[in-house]
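Visitor: Pasting a structure here, questions to come.
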Number of protein chains: 2
Amino acid sequence: MYEFRLWRRLVFVGLSAFPLTPLVDDRVDESSFGRLVKRLSSADVDSIAALGSTGSYAYLSATERERVAHLAVEHAGETPVFIGVGALRTSHVVANIKAAERAGAAAVLLAPMTYQVLTPNDVFELYRTVTQGTDLPVIVYDNPGTTHFTFTLDLYERIAALPGIASIKIPGVPTDPAQAIERVNSIRSVIPETVSIGVSGDAFGAAGLNAGCDVWYSVIGGTLPKPALKITRAAQEGRFEDATAESERLAPLWNLFAEMGGSLRVTAAIAEMLELAPEKCLPLPIQGLDDVQRESVARAVNAIGLGK
Amino acid sequence: MYEFRLWRRLVFVGLSAFPLTPLVDDRVDESSFGRLVKRLSSADVDSIAALGSTGSYAYLSATERERVAHLAVEHAGETPVFIGVGALRTSHVVANIKAAERAGAAAVLLAPMTYQVLTPNDVFELYRTVTQGTDLPVIVYDNPGTTHFTFTLDLYERIAALPGIASIKIPGVPTDPAQAIERVNSIRSVIPETVSIGVSGDAFGAAGLNAGCDVWYSVIGGTLPKPALKITRAAQEGRFEDATAESERLAPLWNLFAEMGGSLRVTAAIAEMLELAPEKCLPLPIQGLDDVQRESVARAVNAIGLGK
């Protein structure tokens, strides 16, 4: 048990970087994806979360997803790889987990995708079924912006008590530092100490880590690992003001995320601009940013000096 | 053109009944589904919309969906069959439409499913791509409760102008009759006269038809066609008060829909109760109603006299 806890504390911490899964002509661009993953591994992120929301998991076929999982592990080197396994139907989630096992994933990431509204009990039973069927650690993916499902503290408690739950990815923290600490502590107080807490919503990365989150599940970290690592390492070393300052330097990006309907389209535009991904790399029907929006993104990226 | 318009006015009118797609042990229960479809055809509904939200289209694999489309056409006799073809990715929608064509569908029904938030332009381009690729009429499926996408009147106008759009399924009408007429007229004023307007949200069926909707896209009509037909025929014959009275008689059902998170779980419980579907016929993670809720449903069904 001690070793298990230690292992958890080593794996589900720091910067977990979410690469895009670029498409070209409606097919996965395997070479771009491989390069993105390698870039993250070389940058020394703590883990790579492939097929997250940023990795368009919800849009890919089971076959494509298994292939991407294999490519991720192949290009990640020693870096642990987490694989997003969410699907609308429980049996499809279970099949995706088997595929992630075959690929050599270190953990799986599961959001309760919805079409029909799910009840808390539906979601609990989903995690119960899934954790019973795999030895892989499971990260609970609380992403209300895409799933439209709202976790309560009570549901965190019930799910985190299931054997096999390794971490909870929360959607953000309050902007006030004291309230952020209070929020993280309130979650911490209802979950086992073996379960790590990770912040997402890149604008909240520094605030979340400073408030005691163990890990930052980061969209921008999947495409621009260096500034994301700067924030993460500062927070981990207790240099909270440095973490905040670097996050504030990136505020033009966070503002674009807010203005342009979330992080995905902006991050894809950045990756395309830096030639890390082919043009129009998102799955249709998502058209991506228009030319005027792309100019705003280019200006922000250049002003911050991220294009180098 | 005249014949085409006439044909539209004959097909996208009256009662369009949405059967469940019952599952047993996580597989489509083909015999139950076939019987449900036959029951609708025998009851003389005007069309059968298989693989709607009620038919769990979002949860089924492409292979299951093609099989269900074939079964629907096979058991529907002379009744036109509409097939739900929605998917998160445009290329998957296109593939589902090809499958619906092979099955002999009379039309396809397309909701803009979302995981990432879609822009109005994303959704317009989806319908443009789809209508360009098929000769089948397309029903625009505006179902914000499941898609979380909100159509504006402007977007209705742009999409309805695409050749191939046959009908718009709207999510309901205001309860005030004058406001309901105003709402239907406001939509009518921006779309071609060849495009029919259909109301959904069963509690709004009578109000929508009375307000001038051409068709009622009905959940309950897929399991209990008789009372749904009574409402529809009354409204079609101008006996608006009779339509309202029958809808009010069914109010306990509409109340259960509101209380129990929508129509699907209640309708599935009714189908199970009447042995039209096997127990626990919904796709997991949807658990369906619990025992206490099922008792409430049974009481309502018996009080209304629908169990006969």
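Identifiers for the structure tokens are assigned positionally: chains receive A, B, ... in sequence, residues are indexed from 1 per chain, and ligands are indexed from 1 in the order shown.
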Could I get the residues of chain A with an atom no further than 6 Å from an atom of chain B, each paired with its nearest atom pair and that distance in Å to one decimal, using only C-alpha atoms, sorted by chain and residue number, as CSV?

Guide:
residue,atom,partner,partner_atom,distance
A:Tyr59,CA,B:Arg89,CA,5.6
A:Leu88,CA,B:Tyr59,CA,5.8
A:Arg89,CA,B:Tyr59,CA,5.6
A:Thr90,CA,B:Pro285,CA,5.4
A:Tyr115,CA,B:Thr146,CA,5.1
A:Gln116,CA,B:Thr146,CA,5.7
A:Asp122,CA,B:Pro285,CA,5.4
A:Leu126,CA,B:Pro285,CA,5.8
A:Thr146,CA,B:Tyr115,CA,5.1
A:Leu284,CA,B:Thr90,CA,5.4
A:Pro285,CA,B:Thr90,CA,5.4
A:Ile286,CA,B:Asp122,CA,5.7
A:Gln287,CA,B:Asp122,CA,5.8

Visitor: Got a sec: who's within 9 Å of Pro227 in chain B, counting only C-alpha atoms, leaving out chain neighbours fewer than 3 positions off, as a PyMOL selection string?

Guide: chain B and resi 220-221+224+230-232+246-247+250+306

Visitor: Only N, CA, C and O atoms, please: the residues just picked out, written as an mmCIF file, in the first residue's frame.

Guide:
data_model
loop_
_atom_site.group_PDB
_atom_site.id
_atom_site.type_symbol
_atom_site.label_atom_id
_atom_site.label_comp_id
_atom_site.auth_asym_id
_atom_site.auth_seq_id
_atom_site.Cartn_x
_atom_site.Cartn_y
_atom_site.Cartn_z
ATOM 1 N N ILE B 220 -43.858 9.674 -27.217
ATOM 2 C CA ILE B 220 -44.873 8.764 -26.684
ATOM 3 C C ILE B 220 -45.607 8.063 -27.837
ATOM 4 O O ILE B 220 -46.025 6.906 -27.715
ATOM 5 N N GLY B 221 -45.704 8.755 -28.979
ATOM 6 C CA GLY B 221 -46.321 8.147 -30.157
ATOM 7 C C GLY B 221 -45.588 6.906 -30.636
ATOM 8 O O GLY B 221 -46.165 6.059 -31.317
ATOM 9 N N LEU B 224 -46.953 4.467 -27.492
ATOM 10 C CA LEU B 224 -48.416 4.484 -27.314
ATOM 11 C C LEU B 224 -49.027 5.292 -28.461
ATOM 12 O O LEU B 224 -49.437 6.449 -28.291
ATOM 13 N N LYS B 230 -54.868 10.278 -31.554
ATOM 14 C CA LYS B 230 -56.115 10.969 -31.212
ATOM 15 C C LYS B 230 -55.875 12.486 -31.179
ATOM 16 O O LYS B 230 -56.655 13.266 -31.729
ATOM 17 N N ILE B 231 -54.763 12.883 -30.559
ATOM 18 C CA ILE B 231 -54.404 14.306 -30.517
ATOM 19 C C ILE B 231 -54.143 14.832 -31.932
ATOM 20 O O ILE B 231 -54.661 15.869 -32.341
ATOM 21 N N THR B 232 -53.364 14.057 -32.683
ATOM 22 C CA THR B 232 -52.948 14.514 -34.014
ATOM 23 C C THR B 232 -54.148 14.673 -34.948
ATOM 24 O O THR B 232 -54.303 15.701 -35.618
ATOM 25 N N GLU B 246 -57.396 15.877 -24.968
ATOM 26 C CA GLU B 246 -56.683 14.591 -24.905
ATOM 27 C C GLU B 246 -55.278 14.801 -24.338
ATOM 28 O O GLU B 246 -54.787 13.987 -23.551
ATOM 29 N N SER B 247 -54.640 15.898 -24.727
ATOM 30 C CA SER B 247 -53.311 16.193 -24.186
ATOM 31 C C SER B 247 -53.398 16.426 -22.672
ATOM 32 O O SER B 247 -52.534 15.973 -21.919
ATOM 33 N N LEU B 250 -53.544 13.354 -20.709
ATOM 34 C CA LEU B 250 -52.232 12.697 -20.574
ATOM 35 C C LEU B 250 -51.258 13.496 -19.704
ATOM 36 O O LEU B 250 -50.099 13.110 -19.558
ATOM 37 N N LEU B 306 -53.950 3.636 -20.069
ATOM 38 C CA LEU B 306 -53.122 3.378 -21.249
ATOM 39 C C LEU B 306 -52.623 1.942 -21.306
ATOM 40 O O LEU B 306 -52.109 1.499 -22.320
#

Visitor: Can you list, as a ChimeraX atom specification, all residues belonging to range 47-125 of chain A that DSSP tags as helix (DSSP H, G or I)?

Guide: /A:57-59,62-76,90-103,120-125

Visitor: Would you list the contacts of range 9-15 of chain A as a PyMOL selection string, taking every protein, DNA or RNA residue within 10 Å and counting only C-alpha atoms, but skipping same-chain residues closer than 3 positions in sequence?

Guide: chain A and resi 3-6+18+44-49+79-82+106-107+137+139+166-168+193-198+205+209+213-218+221-222+225+228-233+235-236

Visitor: Hey, which of A:Gly208, A:Gly201, A:Pro120, A:Gly133 ends up closest to Ile181 in chain A? Count only C-alpha atoms.

Guide: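 Of A:Gly208, A:Gly201, A:Pro120, A:Gly133, the one nearest Ile181 in chain A is A:Gly208, counting only C-alpha atoms.
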
Visitor: Contacts of Arg158 in chain B at 9 Å or less, counting only C-alpha atoms, minus same-chain residues fewer than 5 places along, as a list in words?

Guide: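 Non-adjacent residues within range: Phe124, Leu153, Val190 and Ile191 of chain B.
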
Visitor: Rounded to one decimal place, report the CA of Ile270 in chain A-CA of Phe240 in chain A distance in Å.

Guide: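 Separation of CA of Ile270 in chain A and CA of Phe240 in chain A: 27.3 Å.
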
Visitor: Name the residues of range 44-283 of chain B that come out as strand (DSSP E) in a backbone DSSP run; write them as a PyMOL selection string.

Guide: chain B and resi 47-50+81-84+107-110+138-141+165-170+196-199+215-218

Visitor: Tell me which of B:Cys281, B:Ala234, B:Ala180, B:Ile159 sits closest to Asp29 in chain B, counting only C-alpha atoms.

Guide: B:Cys281

Visitor: Which residues, written as a list in words, have at least one atom at most 9 Å from Ala269 in chain B, with only C-alpha atoms counted and residues fewer than 2 positions away on the same chain left out?

Guide: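 That gives Leu264, Arg265, Val266, Thr267, Ala271, Glu272, Met273, Leu274, Ala277, Glu279, Lys280, Cys281, Gly288, Leu289, Arg294, Val297 and Ala298 of chain B.
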
Visitor: Using only C-alpha atoms, which protein or nucleic acid residues come within 9 Å of Gly77 in chain B? Drop anything in the same chain fewer than 5 positions from it, and give the result as a CSV table (one decimal) with N, CA and C atoms, in the first residue's frame.

Guide:
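Writing the result to selection05.csv gives the following:
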chain,number,residue,atom,x,y,z
B,38,LYS,N,-43.7,-2.5,-36.2
B,38,LYS,CA,-45.0,-3.1,-36.8
B,38,LYS,C,-46.2,-2.5,-36.1
B,41,SER,N,-46.8,0.9,-37.5
B,41,SER,CA,-47.4,0.8,-38.8
B,41,SER,C,-48.8,0.4,-38.8
B,42,SER,N,-49.2,-0.6,-38.0
B,42,SER,CA,-50.5,-1.1,-37.8
B,42,SER,C,-51.5,0.0,-37.3

Visitor: Find the spatial neighbours of Pro252 in chain B, counting only C-alpha atoms, within a cut-off of 10 Å - ignore same-chain residues fewer than 2 positions away - and output them as a VMD selection string.

Guide: chain B and resid 247 to 250 254 to 258 296 to 297 299 to 301 303 to 304

Visitor: Quick one, how far is CA of Leu136 in chain A from CA of Val108 in chain A?

Guide: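 Atom-to-atom, CA of Leu136 in chain A to CA of Val108 in chain A, that is 6.8 Å.
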
Visitor: What is the CA of Phe33 in chain A-CA of Ala99 in chain A distance in Å, reported with one decimal?

Guide: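 The value is 18.2 Å.
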